[in-house]
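A.B. asks: A single structure is presented below for examination.
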Amino acid sequence: MTRAFLIVMDSVGIGGAPDAAAFFSGGVPDTGANTLGHIAEACARGEAEAGRSGPLHVPVLDRLGLGAAVRLASGRAAPGLDAAPEGLWAAATEASPGKDTPSGHWELAGLPVPWEWTYFPDTQPAFPAGLVADVCRLAGTGGILGNCHASGTEIVERLGAEHLRSGWPICYTSADSVFQIAAHEEAFGLDRLLALCAGLAPRLHAMRVGRVIARPFVGDPETGFTRTGNRRDYAIAPPEPVLTDWVQDAGGRVIALGKIGDILSMAGIDEVRKGTDAELMAHLADCIEGAPEGSLTFANFVEFDSLWGHRRNVAGYARALEWFDAGIGRLLPRLREDDLLILTADHGNDPTWAGTDHTRERVPVLCAGAGQGSAGLIAFADVAASVAAHLGVPARGPGRSFL
């Protein structure tokens, strides 16, 4: 028997998506976006010195093949990432027509998105009147705040005081197929916010909006507002079985770390563990120590994306990469002989790019426990097929194993 660990480094793209010109952030096409490459270049120029210093230092990921994957994906070298790969590595290209979280994760789990998502226009108001009326009815309020495209942290700072005064929820969206509701965890109530999002989700899902996200926060206008760890995603359920279902149906246990359970609407999930990325690293260590034979541990480390990519903070993103590299370096020696660990990503979020949205990019696929060499350019769905092949369970999607 064997075990598998599939780890998504949320938004750690490596450039080179062949259809990037069809996707935009801040009104600029994503052609040339390269999250990892541009961070490495900024570090090498001494432009990412806050809380760290010098060239980007991710020796563990580089030895697994990260620098080689950047070169293959984008045709450009990332400064300081020039190690000879010691693992099996590849660069993956997404087929789904989106650069959002569900699209990337569904396809990594073997199911390319079979439809076009619905996106809200970048206008104000952004939402149709009937949807706003439903929010007000379910929330018991006379209106909503926001009703626009916005950065989550920015809109809470801007409208938090008015939210406390009026009691109206803050509703906003982004370039992703998403409807987000921010509300004060104490004044509005966390249970009330979660019930509001759960009540709205069926209508939004029927519209092919991928997620309704509850964004609770605390604080006050004097000291500032801070989002809490009680975020909850209400995502459309995958319309067909995905990797987690394949493993569960074959009798294997599936452990979801972070927001994986939310993204997949608990399809094929036996156990969920959440927390900050630091807490997730500890959960991953526990799973490496004690997950049963035949199991899949599927994790998402979100803070690259949520704390640094969307906020266009290059130094913060670099610090997070270096922290993650050190953490993974401590865990790799603890893997069992027959374990497979795959590190990948779901999209890009280039902190040097225009706007605040995700960027359409290829992603790295770095494997420990699968030998050495290049698997070349692969599809996102090939990741799921490879995990299934390693675990000896039937794969039902379009992907092909690269193992």
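Chain labels follow the order of the structure tokens: the first chain is A, the next B, and so on; residue numbering restarts at 1 in every chain, and ligands are counted from 1 in their shown order.
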Give me the residues near Asp338 (chain A) as a VMD selection string, where near means some atom within 9 Å (using only C-alpha atoms) and where sequence neighbours in that chain fewer than 6 positions away do not count.
C.D. replies: chain A and resid 1 to 4 369 to 370
A.B. asks: Find the residues of region 95-208 of chain A that sit at most 6 Å from region 379-401 of chain A; for each, write down the nearest two atoms and how far apart they are in Å, to one decimal. Count only C-alpha atoms. Sort by chain, then by number going up, and give it as a Markdown table.
C.D. replies:
| residue | atom | partner | partner_atom | distance |
| --- | --- | --- | --- | --- |
| A:Glu107 | CA | A:Ala381 | CA | 5.2 |
| A:Leu108 | CA | A:Phe380 | CA | 4.9 |
| A:Ala109 | CA | A:Ala384 | CA | 4.9 |
| A:Gly110 | CA | A:Ala381 | CA | 4.4 |
A.B. asks: Export N, CA and C atoms of the chosen residues as a PDB file, in the first residue's frame?
C.D. replies:
ATOM      1  N   GLU A 107      -9.759  20.897 -11.950  1.00  0.00           N
ATOM      2  CA  GLU A 107      -8.967  20.282 -13.018  1.00  0.00           C
ATOM      3  C   GLU A 107      -7.777  19.517 -12.451  1.00  0.00           C
ATOM      4  N   LEU A 108      -7.134  20.034 -11.410  1.00  0.00           N
ATOM      5  CA  LEU A 108      -6.077  19.267 -10.750  1.00  0.00           C
ATOM      6  C   LEU A 108      -6.629  17.967 -10.181  1.00  0.00           C
ATOM      7  N   ALA A 109      -7.918  17.971  -9.812  1.00  0.00           N
ATOM      8  CA  ALA A 109      -8.584  16.773  -9.301  1.00  0.00           C
ATOM      9  C   ALA A 109      -9.198  15.933 -10.418  1.00  0.00           C
ATOM     10  N   GLY A 110      -8.887  16.265 -11.674  1.00  0.00           N
ATOM     11  CA  GLY A 110      -9.266  15.409 -12.790  1.00  0.00           C
ATOM     12  C   GLY A 110     -10.439  15.847 -13.614  1.00  0.00           C
TER      13      GLY A 110
END
A.B. asks: Report as a ChimeraX atom specification all protein, DNA and RNA residues lying within 12 Å of Arg330 (chain A), evaluated on only C-alpha atoms, omitting residues in the same chain fewer than 4 positions from it.
C.D. replies: /A:60,281-282,284-285,288,323-326,334-335
A.B. asks: Residues of the last selection are to be written out with C-alpha atoms, as a short mmCIF file (atom, residue, chain, number, x, y, z; two decimals), in the first residue's frame.
C.D. replies:
data_model
loop_
_atom_site.label_atom_id
_atom_site.label_comp_id
_atom_site.auth_asym_id
_atom_site.auth_seq_id
_atom_site.Cartn_x
_atom_site.Cartn_y
_atom_site.Cartn_z
CA VAL A 60 14.25 22.72 -1.53
CA MET A 281 2.03 22.94 7.87
CA ALA A 282 1.65 21.34 11.31
CA LEU A 284 0.55 18.24 7.06
CA ALA A 285 3.32 17.03 9.36
CA ILE A 288 2.83 12.51 7.01
CA TRP A 323 8.94 30.05 4.79
CA PHE A 324 7.12 27.35 2.84
CA ASP A 325 10.36 26.04 1.33
CA ALA A 326 11.89 25.64 4.78
CA ARG A 334 9.76 12.09 7.02
CA LEU A 335 8.00 10.62 3.99
#
A.B. asks: So which residues of region 177-329 of chain A fall under strand (DSSP E) by DSSP, listed as number ranges by chain?
C.D. replies: A: 178-184, 211-220, 224-227, 232-235, 254-257, 271-273, 296-301
A.B. asks: Output as a count of residues only all residues of region 168-305 of chain A that backbone DSSP marks as alpha helix (DSSP H).
C.D. replies: 43
A.B. asks: Would you compute the distance between CA of Arg52 (chain A) and CA of Trp308 (chain A)? Give it in Å to one decimal.
C.D. replies: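 Interatomic distance here is 14.4 Å.
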A.B. asks: Report, in Å with one decimal, the straight-line distance from CA of Leu190 (chain A) to CA of Gly229 (chain A).
C.D. replies: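 Those two atoms sit 11.3 Å apart.
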A.B. asks: Can you work out which one of A:Ser295, A:Thr93, A:Ser174, A:Thr226 has the shortest atom-to-atom distance to Asp249 (chain A), counting only C-alpha atoms?
C.D. replies: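 Counting only C-alpha atoms, the residue closest to Asp249 (chain A) is A:Ser295.
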A.B. asks: Would you give me, as JSON lines, each residue of region 115-223 of chain A having an atom within 12 Å of an atom of region 24-37 of chain A, along with its shortest atom pair and that distance in Å to one decimal, using only C-alpha atoms and sorting by chain and residue number?
C.D. replies:
{"residue": "A:Asp122", "atom": "CA", "partner": "A:Gly27", "partner_atom": "CA", "distance": 10.4}
{"residue": "A:His149", "atom": "CA", "partner": "A:Gly26", "partner_atom": "CA", "distance": 11.0}
{"residue": "A:Ala150", "atom": "CA", "partner": "A:Gly26", "partner_atom": "CA", "distance": 11.2}
{"residue": "A:Ser151", "atom": "CA", "partner": "A:Gly26", "partner_atom": "CA", "distance": 11.8}
{"residue": "A:Ser174", "atom": "CA", "partner": "A:Ser25", "partner_atom": "CA", "distance": 9.9}
{"residue": "A:Ala175", "atom": "CA", "partner": "A:Ser25", "partner_atom": "CA", "distance": 7.6}
{"residue": "A:Asp176", "atom": "CA", "partner": "A:Ser25", "partner_atom": "CA", "distance": 10.4}
A.B. asks: Write out the residues from the selection above, keeping N, CA and C atoms, as an mmCIF file, in the first residue's frame.
C.D. replies:
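Saved the output as part-v8.cif:
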data_model
loop_
_atom_site.group_PDB
_atom_site.id
_atom_site.type_symbol
_atom_site.label_atom_id
_atom_site.label_comp_id
_atom_site.auth_asym_id
_atom_site.auth_seq_id
_atom_site.Cartn_x
_atom_site.Cartn_y
_atom_site.Cartn_z
ATOM 1 N N ASP A 122 -17.712 44.733 -14.273
ATOM 2 C CA ASP A 122 -16.945 45.688 -13.471
ATOM 3 C C ASP A 122 -17.592 47.064 -13.587
ATOM 4 N N HIS A 149 -16.819 45.643 -7.831
ATOM 5 C CA HIS A 149 -15.559 44.908 -7.807
ATOM 6 C C HIS A 149 -14.650 45.586 -6.792
ATOM 7 N N ALA A 150 -13.952 44.793 -5.979
ATOM 8 C CA ALA A 150 -13.089 45.392 -4.964
ATOM 9 C C ALA A 150 -12.122 44.371 -4.406
ATOM 10 N N SER A 151 -11.025 44.862 -3.846
ATOM 11 C CA SER A 151 -10.152 44.071 -2.996
ATOM 12 C C SER A 151 -10.827 43.903 -1.650
ATOM 13 N N SER A 174 -14.989 40.067 -7.820
ATOM 14 C CA SER A 174 -13.681 40.291 -8.420
ATOM 15 C C SER A 174 -13.731 39.785 -9.844
ATOM 16 N N ALA A 175 -12.574 39.623 -10.456
ATOM 17 C CA ALA A 175 -12.533 39.064 -11.807
ATOM 18 C C ALA A 175 -12.875 37.582 -11.812
ATOM 19 N N ASP A 176 -12.903 36.946 -10.636
ATOM 20 C CA ASP A 176 -13.318 35.549 -10.529
ATOM 21 C C ASP A 176 -14.840 35.454 -10.520
#
A.B. asks: May I have the residues within 12 Å of region 200-202 of chain A as an NGL selection string, using only C-alpha atoms and disregarding those fewer than 3 positions away in the same chain?
C.D. replies: :A and (130-139 or 178-181 or 193-197 or 205-214 or 232-237 or 265)
